[in-house]
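Peer 1: This is the content of coords-v3.cif (mmCIF, C-alpha atoms (C1' of nucleotides)):
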```cif
data_entry
loop_
_atom_site.label_atom_id
_atom_site.label_comp_id
_atom_site.auth_asym_id
_atom_site.auth_seq_id
_atom_site.Cartn_x
_atom_site.Cartn_y
_atom_site.Cartn_z
CA MET A 74 -69.10 -69.48 -40.01
CA ASN A 75 -67.95 -65.96 -40.78
CA TYR A 76 -65.74 -64.51 -38.10
CA GLU A 77 -64.53 -61.60 -40.18
CA ASN A 78 -66.56 -58.90 -38.43
CA ILE A 79 -65.84 -59.88 -34.87
CA LEU A 80 -62.15 -60.40 -35.57
CA LYS A 81 -61.96 -57.01 -37.18
CA ASN A 82 -63.66 -55.56 -34.12
CA VAL A 83 -61.17 -57.19 -31.76
CA GLY A 84 -58.36 -56.21 -34.09
CA LYS A 85 -59.18 -52.56 -33.61
CA HIS A 86 -57.54 -52.69 -30.20
CA ILE A 87 -55.30 -55.77 -29.99
CA SER A 88 -53.35 -58.02 -32.38
CA LEU A 89 -53.62 -61.76 -32.24
CA ASP A 90 -51.66 -64.58 -33.85
CA LYS A 91 -53.25 -67.51 -35.61
CA ILE A 92 -53.38 -69.73 -32.54
CA GLU A 93 -54.97 -67.07 -30.39
CA ILE A 94 -57.55 -66.37 -33.07
CA ASP A 95 -58.44 -70.04 -33.30
CA TYR A 96 -58.80 -70.29 -29.58
CA PHE A 97 -60.94 -67.18 -29.39
CA VAL A 98 -63.36 -68.22 -32.12
CA SER A 99 -63.63 -71.70 -30.60
CA LEU A 100 -65.31 -70.03 -27.61
CA LEU A 101 -67.95 -68.28 -29.70
CA THR A 102 -71.42 -69.66 -30.19
CA HIS A 103 -73.29 -68.61 -33.28
CA LYS A 104 -76.98 -67.86 -32.92
CA GLU A 105 -79.82 -66.83 -35.18
CA ILE A 106 -82.62 -64.97 -33.44
CA SER A 107 -85.94 -64.05 -34.92
CA LYS A 108 -87.61 -60.73 -34.24
CA ASN A 109 -89.05 -60.00 -30.78
CA LYS A 110 -87.30 -62.82 -28.96
CA LEU A 111 -86.08 -62.39 -25.41
CA ILE A 112 -82.50 -63.60 -25.14
CA LEU A 113 -82.09 -62.49 -21.54
CA LYS A 114 -84.82 -62.20 -18.93
CA GLU A 115 -84.71 -60.18 -15.74
CA GLY A 116 -84.05 -62.39 -12.74
CA GLN A 117 -82.30 -65.10 -14.75
CA PRO A 118 -78.55 -65.64 -14.61
CA CYS A 119 -76.74 -63.65 -17.28
CA ARG A 120 -74.15 -66.00 -18.71
CA TYR A 121 -73.38 -64.43 -22.06
CA ILE A 122 -72.00 -61.34 -23.63
CA ASN A 123 -73.37 -60.93 -27.16
CA TYR A 124 -71.77 -59.58 -30.29
CA VAL A 125 -74.17 -58.52 -33.02
CA ILE A 126 -73.22 -59.56 -36.53
CA LYS A 127 -76.45 -58.42 -38.09
CA GLY A 128 -79.76 -57.14 -36.79
CA ALA A 129 -80.71 -55.09 -33.76
CA LEU A 130 -81.04 -55.82 -30.05
CA ARG A 131 -82.28 -53.77 -27.14
CA ALA A 132 -81.68 -53.91 -23.40
CA TYR A 133 -84.43 -52.59 -21.18
CA SER A 134 -85.92 -52.76 -17.71
CA PHE A 135 -89.17 -51.85 -16.04
CA ASP A 136 -89.62 -49.04 -13.57
CA MET A 137 -91.87 -49.35 -10.51
CA LYS A 138 -94.88 -48.18 -12.52
CA GLY A 139 -94.25 -50.97 -15.01
CA LYS A 140 -93.03 -48.67 -17.74
CA GLU A 141 -90.20 -49.81 -19.97
CA ASN A 142 -86.88 -48.02 -19.92
CA SER A 143 -84.49 -48.68 -22.81
CA ILE A 144 -80.97 -48.98 -21.48
CA MET A 145 -79.02 -49.55 -24.68
CA PHE A 146 -79.30 -50.66 -28.27
CA ALA A 147 -76.93 -52.80 -30.31
CA ILE A 148 -76.82 -53.14 -34.05
CA ASP A 149 -74.07 -54.52 -36.28
CA ASP A 150 -70.72 -54.77 -34.51
CA TRP A 151 -71.89 -53.77 -31.04
CA TRP A 152 -71.42 -55.77 -27.86
CA ILE A 153 -74.40 -56.06 -25.54
CA THR A 154 -75.27 -57.77 -22.28
CA ASP A 155 -76.50 -56.99 -18.80
CA ILE A 156 -73.01 -55.95 -17.79
CA HIS A 157 -73.79 -56.03 -14.08
CA GLY A 158 -75.25 -59.50 -14.10
CA PHE A 159 -72.53 -60.73 -16.42
CA VAL A 160 -69.44 -59.57 -14.55
CA LYS A 161 -70.77 -60.11 -11.04
CA GLU A 162 -72.49 -63.37 -11.95
CA LYS A 163 -75.73 -62.11 -10.46
CA ALA A 164 -79.28 -62.40 -11.70
CA ALA A 165 -80.01 -60.07 -14.59
CA ILE A 166 -81.55 -56.72 -13.75
CA MET A 167 -82.56 -56.10 -17.34
CA ASN A 168 -84.05 -57.82 -20.37
CA VAL A 169 -82.41 -58.15 -23.77
CA GLU A 170 -84.57 -58.73 -26.83
CA SER A 171 -84.23 -58.68 -30.60
CA ILE A 172 -85.87 -55.81 -32.44
CA GLU A 173 -85.25 -57.50 -35.80
CA ASP A 174 -84.16 -60.91 -37.00
CA SER A 175 -80.56 -61.00 -35.86
CA THR A 176 -77.34 -62.94 -36.06
CA ILE A 177 -75.11 -62.89 -33.01
CA PHE A 178 -72.12 -64.54 -31.40
CA GLN A 179 -72.31 -65.40 -27.73
CA LEU A 180 -69.34 -65.62 -25.40
CA GLN A 181 -69.87 -67.28 -22.05
CA LYS A 182 -68.59 -65.72 -18.82
CA THR A 183 -66.69 -68.86 -17.85
CA ASP A 184 -65.07 -68.97 -21.28
CA LEU A 185 -64.17 -65.31 -21.12
CA ASP A 186 -62.40 -65.92 -17.83
CA LYS A 187 -60.42 -68.72 -19.46
CA LEU A 188 -59.68 -66.41 -22.36
CA TYR A 189 -58.31 -63.76 -19.97
CA ASP A 190 -55.98 -66.40 -18.54
CA LYS A 191 -54.76 -67.84 -21.80
CA VAL A 192 -54.59 -64.62 -23.78
CA PRO A 193 -54.16 -61.76 -21.31
CA ARG A 194 -54.26 -59.30 -24.17
CA PHE A 195 -58.02 -59.68 -24.06
CA GLU A 196 -57.89 -57.89 -20.74
CA LYS A 197 -56.78 -54.88 -22.73
CA PHE A 198 -59.51 -55.35 -25.29
CA PHE A 199 -62.25 -55.46 -22.73
CA ARG A 200 -60.66 -52.71 -20.70
CA ILE A 201 -60.98 -50.46 -23.73
CA LEU A 202 -64.51 -51.68 -24.37
CA MET A 203 -65.50 -50.93 -20.78
CA GLN A 204 -63.74 -47.56 -20.90
CA ASN A 205 -65.64 -46.53 -23.98
CA SER A 206 -68.93 -47.73 -22.53
CA TYR A 207 -68.24 -45.77 -19.37
CA ILE A 208 -67.42 -42.64 -21.33
CA ARG A 209 -70.56 -43.01 -23.42
CA GLU A 210 -72.75 -43.53 -20.40
CA GLN A 211 -71.22 -40.59 -18.57
CA LEU A 212 -71.95 -38.35 -21.52
CA ARG A 213 -75.48 -39.65 -21.67
CA THR A 214 -76.05 -38.87 -18.01
CA ARG A 215 -74.72 -35.38 -18.55
CA GLN A 216 -77.04 -34.80 -21.48
CA ILE A 217 -80.08 -36.04 -19.61
CA LEU A 218 -79.33 -33.69 -16.75
CA THR A 219 -78.47 -30.59 -18.74
CA GLU A 220 -80.25 -30.70 -22.09
CA PRO A 221 -83.95 -30.40 -22.85
CA ALA A 222 -85.62 -33.32 -24.61
CA GLU A 223 -85.50 -31.70 -28.03
CA GLU A 224 -81.73 -31.31 -28.05
CA ARG A 225 -81.24 -34.78 -26.65
CA TYR A 226 -83.25 -36.15 -29.54
CA HIS A 227 -81.25 -34.24 -32.13
CA SER A 228 -77.94 -35.27 -30.53
CA PHE A 229 -79.15 -38.84 -30.65
CA THR A 230 -80.11 -38.82 -34.33
CA LYS A 231 -76.82 -37.15 -35.17
CA LYS A 232 -74.71 -39.53 -33.09
CA TYR A 233 -76.53 -42.73 -33.99
CA PRO A 234 -78.12 -42.27 -37.43
CA LEU A 235 -78.24 -46.03 -37.94
CA PHE A 236 -80.23 -46.54 -34.76
CA VAL A 237 -82.90 -44.17 -36.03
CA GLN A 238 -83.40 -46.39 -39.07
CA HIS A 239 -83.72 -49.61 -37.10
CA ILE A 240 -85.37 -48.67 -33.86
CA PRO A 241 -89.04 -47.78 -33.36
CA LEU A 242 -89.83 -44.34 -32.00
CA LYS A 243 -91.18 -45.55 -28.70
CA PHE A 244 -87.91 -47.27 -27.82
CA ILE A 245 -85.89 -44.20 -28.68
CA ALA A 246 -88.29 -42.19 -26.54
CA SER A 247 -87.74 -44.44 -23.53
CA TYR A 248 -83.98 -44.28 -24.10
CA LEU A 249 -84.07 -40.50 -24.12
CA GLY A 250 -86.37 -40.36 -21.13
CA VAL A 251 -89.46 -38.88 -22.77
CA THR A 252 -92.88 -40.23 -23.66
CA PRO A 253 -93.54 -41.32 -27.26
CA GLN A 254 -96.23 -38.62 -27.39
CA PHE A 255 -93.82 -35.88 -26.53
CA LEU A 256 -91.13 -37.18 -28.88
CA SER A 257 -93.73 -37.09 -31.60
CA VAL A 258 -94.32 -33.41 -30.84
CA ILE A 259 -90.58 -32.72 -30.87
CA ARG A 260 -90.17 -34.35 -34.25
CA LYS A 261 -92.80 -32.16 -35.80
CA ARG A 262 -91.17 -28.99 -34.57
CA LYS A 263 -87.99 -29.06 -36.67
CA GLY A 264 -87.54 -30.16 -40.29
CA HIS A 265 -89.97 -32.90 -41.23
CA ASN A 266 -87.25 -35.17 -42.73
CA MET B 34 -44.74 -41.77 1.76
CA ASN B 35 -47.56 -44.10 2.72
CA TYR B 36 -48.61 -46.39 -0.10
CA GLU B 37 -50.65 -48.68 2.07
CA ASN B 38 -54.09 -47.51 0.94
CA ILE B 39 -53.46 -47.49 -2.77
CA LEU B 40 -51.70 -50.86 -2.68
CA LYS B 41 -54.58 -52.32 -0.76
CA ASN B 42 -56.92 -50.89 -3.38
CA VAL B 43 -54.95 -52.44 -6.23
CA GLY B 44 -54.64 -55.64 -4.23
CA LYS B 45 -58.40 -56.03 -4.21
CA HIS B 46 -58.25 -57.17 -7.83
CA ILE B 47 -54.69 -58.23 -8.67
CA SER B 48 -51.63 -59.55 -6.83
CA LEU B 49 -48.20 -58.04 -7.33
CA ASP B 50 -44.73 -59.12 -6.32
CA LYS B 51 -42.21 -56.83 -4.66
CA ILE B 52 -40.60 -55.65 -7.88
CA GLU B 53 -43.92 -54.83 -9.48
CA ILE B 54 -45.00 -52.91 -6.42
CA ASP B 55 -41.80 -50.90 -6.43
CA TYR B 56 -42.24 -50.08 -10.08
CA PHE B 57 -45.85 -49.09 -9.63
CA VAL B 58 -45.23 -46.77 -6.69
CA SER B 59 -42.29 -45.21 -8.51
CA LEU B 60 -44.81 -43.89 -11.03
CA LEU B 61 -46.98 -42.19 -8.44
CA THR B 62 -46.70 -38.53 -7.57
CA HIS B 63 -47.83 -37.46 -4.16
CA LYS B 64 -49.75 -34.19 -3.90
CA GLU B 65 -51.29 -32.13 -1.15
CA ILE B 66 -54.16 -29.93 -2.28
CA SER B 67 -55.86 -27.27 -0.25
CA LYS B 68 -59.60 -26.76 -0.35
CA ASN B 69 -61.24 -25.28 -3.46
CA LYS B 70 -58.32 -25.78 -5.80
CA LEU B 71 -58.84 -26.71 -9.42
CA ILE B 72 -56.62 -29.65 -10.32
CA LEU B 73 -58.04 -30.02 -13.80
CA LYS B 74 -59.55 -27.30 -15.93
CA GLU B 75 -61.88 -27.73 -18.88
CA GLY B 76 -60.03 -27.29 -22.17
CA GLN B 77 -56.65 -28.25 -20.72
CA PRO B 78 -54.97 -31.57 -21.45
CA CYS B 79 -55.90 -34.21 -18.87
CA ARG B 80 -52.66 -35.99 -18.09
CA TYR B 81 -53.43 -37.59 -14.74
CA ILE B 82 -55.66 -40.07 -13.09
CA ASN B 83 -55.97 -39.30 -9.38
CA TYR B 84 -56.28 -41.57 -6.40
CA VAL B 85 -57.63 -39.94 -3.26
CA ILE B 86 -55.84 -40.85 -0.04
CA LYS B 87 -57.70 -38.36 2.08
CA GLY B 88 -60.13 -35.56 1.41
CA ALA B 89 -62.80 -35.03 -1.23
CA LEU B 90 -62.75 -34.11 -4.90
CA ARG B 91 -65.49 -33.31 -7.37
CA ALA B 92 -65.71 -33.45 -11.16
CA TYR B 93 -68.14 -31.07 -12.82
CA SER B 94 -68.94 -29.27 -16.03
CA PHE B 95 -71.06 -26.34 -17.11
CA ASP B 96 -74.19 -26.57 -19.19
CA MET B 97 -75.03 -24.05 -21.90
CA LYS B 98 -76.76 -21.81 -19.38
CA GLY B 99 -73.61 -21.73 -17.29
CA LYS B 100 -75.00 -23.93 -14.55
CA GLU B 101 -72.73 -26.47 -12.89
CA ASN B 102 -73.37 -30.16 -13.25
CA SER B 103 -71.58 -32.48 -10.82
CA ILE B 104 -70.38 -35.55 -12.65
CA MET B 105 -68.77 -37.52 -9.83
CA PHE B 106 -67.30 -37.26 -6.37
CA ALA B 107 -64.26 -38.98 -4.94
CA ILE B 108 -63.36 -39.36 -1.30
CA ASP B 109 -60.87 -41.71 0.35
CA ASP B 110 -59.83 -44.59 -1.92
CA TRP B 111 -61.65 -43.46 -5.04
CA TRP B 112 -60.09 -42.91 -8.44
CA ILE B 113 -61.07 -39.78 -10.32
CA THR B 114 -60.22 -38.05 -13.58
CA ASP B 115 -61.85 -36.80 -16.76
CA ILE B 116 -61.89 -40.31 -18.15
CA HIS B 117 -62.59 -39.17 -21.69
CA GLY B 118 -59.78 -36.63 -21.80
CA PHE B 119 -57.44 -39.03 -20.05
CA VAL B 120 -57.81 -42.12 -22.21
CA LYS B 121 -58.24 -40.33 -25.54
CA GLU B 122 -55.59 -37.73 -24.71
CA LYS B 123 -58.00 -34.97 -25.58
CA ALA B 124 -58.66 -31.66 -23.87
CA ALA B 125 -60.66 -32.06 -20.69
CA ILE B 126 -64.41 -31.62 -20.96
CA MET B 127 -64.81 -31.26 -17.22
CA ASN B 128 -63.22 -29.62 -14.19
CA VAL B 129 -61.91 -31.39 -11.12
CA GLU B 130 -61.59 -29.50 -7.86
CA SER B 131 -61.00 -30.22 -4.20
CA ILE B 132 -63.95 -29.82 -1.86
CA GLU B 133 -61.68 -30.20 1.18
CA ASP B 134 -57.96 -30.21 1.87
CA SER B 135 -56.91 -33.43 0.22
CA THR B 136 -54.03 -35.82 -0.26
CA ILE B 137 -53.83 -37.62 -3.58
CA PHE B 138 -51.56 -39.70 -5.77
CA GLN B 139 -51.35 -38.87 -9.43
CA LEU B 140 -50.54 -41.33 -12.18
CA GLN B 141 -49.63 -39.94 -15.56
CA LYS B 142 -51.16 -41.34 -18.77
CA THR B 143 -47.75 -41.96 -20.32
CA ASP B 144 -46.65 -43.81 -17.19
CA LEU B 145 -49.83 -45.84 -17.09
CA ASP B 146 -49.16 -46.95 -20.66
CA LYS B 147 -45.68 -48.05 -19.62
CA LEU B 148 -47.19 -49.82 -16.65
CA TYR B 149 -49.58 -51.72 -18.92
CA ASP B 150 -46.57 -52.89 -20.94
CA LYS B 151 -44.38 -53.89 -18.06
CA VAL B 152 -47.07 -55.32 -15.80
CA PRO B 153 -49.97 -56.41 -18.00
CA ARG B 154 -51.87 -57.43 -14.92
CA PHE B 155 -52.73 -53.77 -14.53
CA GLU B 156 -54.87 -54.14 -17.63
CA LYS B 157 -57.04 -56.38 -15.53
CA PHE B 158 -57.09 -53.95 -12.65
CA PHE B 159 -58.23 -51.06 -14.78
CA ARG B 160 -60.61 -53.26 -16.73
CA ILE B 161 -62.37 -54.01 -13.48
CA LEU B 162 -62.25 -50.37 -12.44
CA MET B 163 -63.79 -49.32 -15.77
CA GLN B 164 -66.38 -52.09 -15.57
CA ASN B 165 -67.50 -50.97 -12.15
CA SER B 166 -67.61 -47.35 -13.23
CA TYR B 167 -69.70 -48.31 -16.23
CA ILE B 168 -72.10 -50.32 -14.11
CA ARG B 169 -72.43 -47.48 -11.62
CA GLU B 170 -73.06 -44.93 -14.34
CA GLN B 171 -75.61 -47.14 -16.07
CA LEU B 172 -77.52 -47.52 -12.84
CA ARG B 173 -77.38 -43.78 -12.32
CA THR B 174 -78.84 -43.14 -15.76
CA ARG B 175 -81.61 -45.59 -15.06
CA GLN B 176 -82.46 -43.91 -11.80
CA ILE B 177 -82.52 -40.46 -13.33
CA LEU B 178 -84.90 -41.64 -16.01
CA THR B 179 -87.25 -43.68 -13.86
CA GLU B 180 -87.24 -42.32 -10.31
CA PRO B 181 -88.56 -39.00 -9.06
CA ALA B 182 -86.09 -36.66 -7.36
CA GLU B 183 -87.08 -37.66 -3.86
CA GLU B 184 -86.28 -41.33 -4.33
CA ARG B 185 -83.06 -40.50 -6.12
CA TYR B 186 -81.99 -38.49 -3.11
CA HIS B 187 -82.80 -41.27 -0.67
CA SER B 188 -81.01 -43.86 -2.82
CA PHE B 189 -78.02 -41.56 -2.88
CA THR B 190 -77.83 -41.06 0.88
CA LYS B 191 -78.24 -44.78 1.39
CA LYS B 192 -75.64 -45.76 -1.20
CA TYR B 193 -73.08 -43.08 -0.37
CA PRO B 194 -73.51 -42.12 3.29
CA LEU B 195 -69.94 -40.82 3.43
CA PHE B 196 -70.54 -38.45 0.55
CA VAL B 197 -73.41 -36.87 2.42
CA GLN B 198 -71.05 -35.98 5.26
CA HIS B 199 -68.41 -34.41 3.04
CA ILE B 200 -70.28 -32.85 0.18
CA PRO B 201 -72.35 -29.66 0.33
CA LEU B 202 -76.01 -29.91 -0.55
CA LYS B 203 -75.78 -27.88 -3.72
CA PHE B 204 -73.26 -30.29 -5.23
CA ILE B 205 -75.37 -33.28 -4.38
CA ALA B 206 -78.33 -31.46 -5.93
CA SER B 207 -76.47 -30.90 -9.20
CA TYR B 208 -75.37 -34.55 -9.17
CA LEU B 209 -78.95 -35.71 -8.77
CA GLY B 210 -80.21 -33.25 -11.36
CA VAL B 211 -82.34 -31.02 -9.16
CA THR B 212 -81.99 -27.46 -7.89
CA PRO B 213 -80.68 -26.90 -4.36
CA GLN B 214 -84.03 -25.26 -3.57
CA PHE B 215 -85.98 -28.32 -4.52
CA LEU B 216 -83.61 -30.67 -2.74
CA SER B 217 -84.14 -28.57 0.34
CA VAL B 218 -87.86 -29.15 0.03
CA ILE B 219 -87.33 -32.88 -0.42
CA ARG B 220 -85.21 -33.10 2.70
CA LYS B 221 -87.87 -31.51 4.83
CA ARG B 222 -90.49 -33.99 3.69
CA LYS B 223 -89.05 -37.13 5.32
CA GLY B 224 -87.25 -37.58 8.64
CA HIS B 225 -85.43 -34.40 9.70
CA ASN B 226 -82.21 -36.24 10.73
"C1'" DC C 124 -110.14 -58.67 -43.95
"C1'" DG C 125 -109.86 -57.38 -39.14
"C1'" DC C 126 -107.22 -56.74 -35.07
"C1'" DG C 127 -103.61 -54.83 -32.45
"C1'" DA C 128 -99.58 -52.08 -32.27
"C1'" DC C 129 -97.74 -47.73 -33.50
"C1'" DG C 130 -97.41 -42.86 -34.16
"C1'" DT C 131 -100.00 -38.61 -33.77
"C1'" DT C 132 -102.78 -34.82 -31.85
"C1'" DG C 133 -105.15 -32.18 -28.23
"C1'" DA C 134 -106.68 -30.96 -23.29
"C1'" DT C 135 -105.39 -31.04 -18.77
"C1'" DT C 136 -102.24 -31.80 -14.93
"C1'" DT C 137 -97.92 -31.88 -12.34
"C1'" DG C 138 -93.08 -32.15 -10.80
"C1'" DC C 139 -89.71 -29.33 -10.73
"C1'" DC C 140 -87.69 -24.75 -12.07
"C1'" DT C 141 -87.12 -19.74 -11.68
"C1'" DC C 142 -87.05 -15.69 -9.25
"C1'" DA C 143 -86.86 -13.46 -5.02
"C1'" DA C 144 -86.03 -12.73 -0.28
"C1'" DC C 145 -84.20 -14.07 4.25
"C1'" DG C 146 -81.35 -16.05 8.37
"C1'" DA C 147 -77.25 -18.62 9.45
"C1'" DT C 148 -72.72 -19.85 8.76
"C1'" DT C 149 -68.13 -19.24 6.83
"C1'" DG C 150 -64.19 -16.90 5.78
"C1'" DT C 151 -61.48 -12.86 5.13
"C1'" DG C 152 -59.20 -8.45 5.32
"C1'" DG C 153 -58.38 -4.62 8.31
"C1'" DC D 213 -59.95 -10.95 16.60
"C1'" DC D 214 -63.69 -8.60 15.16
"C1'" DA D 215 -66.81 -6.74 11.31
"C1'" DC D 216 -68.50 -7.20 7.15
"C1'" DA D 217 -69.15 -9.71 2.77
"C1'" DA D 218 -69.98 -13.79 0.59
"C1'" DT D 219 -71.83 -18.23 0.41
"C1'" DC D 220 -75.12 -21.61 1.86
"C1'" DG D 221 -79.45 -23.60 2.91
"C1'" DT D 222 -84.28 -22.46 3.31
"C1'" DT D 223 -88.95 -20.81 2.18
"C1'" DG D 224 -92.66 -19.07 -0.87
"C1'" DA D 225 -95.06 -17.43 -5.30
"C1'" DG D 226 -95.61 -18.08 -9.92
"C1'" DG D 227 -94.34 -20.44 -14.37
"C1'" DC D 228 -93.02 -23.96 -17.70
"C1'" DA D 229 -91.53 -28.39 -19.83
"C1'" DA D 230 -93.05 -32.62 -20.12
"C1'" DA D 231 -96.37 -36.17 -18.22
"C1'" DT D 232 -100.92 -38.11 -18.28
"C1'" DC D 233 -105.24 -39.21 -20.23
"C1'" DA D 234 -107.92 -39.85 -24.14
"C1'" DA D 235 -109.11 -40.37 -28.86
"C1'" DC D 236 -108.09 -41.32 -33.70
"C1'" DG D 237 -105.88 -42.76 -38.31
"C1'" DT D 238 -102.69 -46.02 -40.32
"C1'" DC D 239 -100.18 -49.83 -41.19
"C1'" DG D 240 -98.33 -54.55 -40.82
"C1'" DC D 241 -99.52 -59.09 -39.79
"C1'" DG D 242 -102.16 -63.30 -38.76
#
```
Output the structure of this file as structure tokens.

Peer 2:
Amino acid sequence: MNYENILKNVGKHISLDKIEIDYFVSLLTHKEISKNKLILKEGQPCRYINYVIKGALRAYSFDMKGKENSIMFAIDDWWITDIHGFVKEKAAIMNVESIEDSTIFQLQKTDLDKLYDKVPRFEKFFRILMQNSYIREQLRTRQILTEPAEERYHSFTKKYPLFVQHIPLKFIASYLGVTPQFLSVIRKRKGHN
Amino acid sequence: MNYENILKNVGKHISLDKIEIDYFVSLLTHKEISKNKLILKEGQPCRYINYVIKGALRAYSFDMKGKENSIMFAIDDWWITDIHGFVKEKAAIMNVESIEDSTIFQLQKTDLDKLYDKVPRFEKFFRILMQNSYIREQLRTRQILTEPAEERYHSFTKKYPLFVQHIPLKFIASYLGVTPQFLSVIRKRKGHN
DNA sequence: CGCGACGTTGATTTGCCTCAACGATTGTGG
DNA sequence: CCACAATCGTTGAGGCAAATCAACGTCGCG
């Protein structure tokens, strides 16, 4: 198994010795997922946080009219889960599915709690991860409330160029809060790639 | 000085011994703020995270048309700062002002870093704080994208009844992403309190 | 090869905004 | 402590960004 990516990711914020590394990787479960597989279903317990080695995942939920709302995407070297269900040990309020064939590591909530105890430095790592997620989400909220759809789309393509390559238009539309039809119109307006 | 509230708040997630408590409170600066005072200004360095003992604060920014956008509110026992500016030690991208006469404690970034070193358990505390903030913000995004203004308003009043008592309508409007005029219309529609 | 999903295009509708005007409350300086 | 100005919430008319509804070409996949 190749732990290089995930260890490099952790290493961005904390340093670990050999023993700690071994313990950490012993908690990881490797998983291959083919395209369009649900790995978390609304209403089910959310036991895992997922680290994407390769591929693309998407978290989404349904609104009361049954329309899908994309909550986040995760490609190489992103963490993804239903954070609410995961940390509060409640039923998931969102779905997570693969957009492509993907390779991930899963870390179980119970194991993460053990990890916090044995290697408290992981508290720092996940504090920083949560901080950054919070900051990102706050910025997103601000953009939704203050910017028209066209600018939101261009900010998105600029900020996440890799997402644009991996993620179908309709999912990006539901992430930005517009219909695929309207996003199609927006695209046409400025520079046709 | 009365540290009861803030210690109780910290105590919700971690336990501290006497020495740790003394060290922690030694890092806090007490501050009385009169109504309508800016305690953080966009463009300035954001050195403090603030804990509200009593009163009400608001974080907001301006969009490109110069309109205010309320990012968050904080009344008794809430933490508030420009989280981006604070953790990345960058210039603030938002303003924080008092809505009422308020009493707060301030904790400086440099002191928080020392606190993390001396009492690593605070990593856990702020991890949980960041987690909850992330979850809250994610839910907010979802509501903005899927619910019409009227439902967003009713969710808000239900979730934060205390905010409704302290915070003027126009700020709630800009938090929900509607104009004060339209929120006024919404209010009239259902139950006239 | 044929079906279903995807992106596109156009016509119509709508939720919310803008602009404008008006009482009621707040707060402020004389 | 009063008078006047400023701010706040409200109401109404008209307008716009984006949604909805519908139809069509294209492409990937079984």

Peer 1: Kindly resolve the PyMOL selection byres ((chain A and resi 202) around 10) on the present coordinates and return the residues as a list in words.

Peer 2: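 Here the PyMOL selection byres ((chain A and resi 202) around 10) matches Val83, His86, Trp152, Glu196, Lys197, Phe198, Phe199, Arg200, Ile201, Met203, Gln204, Asn205, Ser206, Tyr207 and Ile208 of chain A; Arg160, Met163 and Gln164 of chain B.
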
Peer 1: Using only C-alpha atoms (C1' of nucleotides), which residues sit within 12 Å of D:DA235 once same-chain residues fewer than 3 positions away are excluded, as a CSV table (one decimal) with C-alpha atoms (C1' of nucleotides), in the frame of the given file?

Peer 2:
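Output file part_32.csv is given in full below:
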```csv
chain,number,residue,atom,x,y,z
C,131,DT,C1',-100.0,-38.6,-33.8
C,132,DT,C1',-102.8,-34.8,-31.8
C,133,DG,C1',-105.2,-32.2,-28.2
C,134,DA,C1',-106.7,-31.0,-23.3
```

Peer 1: Nearest to D:DT219: which of B:Asn35, B:Pro153, B:Gln171, B:Lys203 is it, counting all atoms listed in the file?

Peer 2: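 Among B:Asn35, B:Pro153, B:Gln171, B:Lys203, it is B:Lys203 that comes nearest to D:DT219.
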
Peer 1: At what distance in Å, to one decimal, does atom CA of B:Ile177 lie from atom CA of A:Met137?

Peer 2: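 Result for atom CA of A:Met137 versus atom CA of B:Ile177: 13.2 Å, one decimal.
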
Peer 1: Would you list which chain A residues are within 9 Å of chain D using only C-alpha atoms (C1' of nucleotides), as a PyMOL selection string?

Peer 2: chain A and resi 221-222+251-252+255
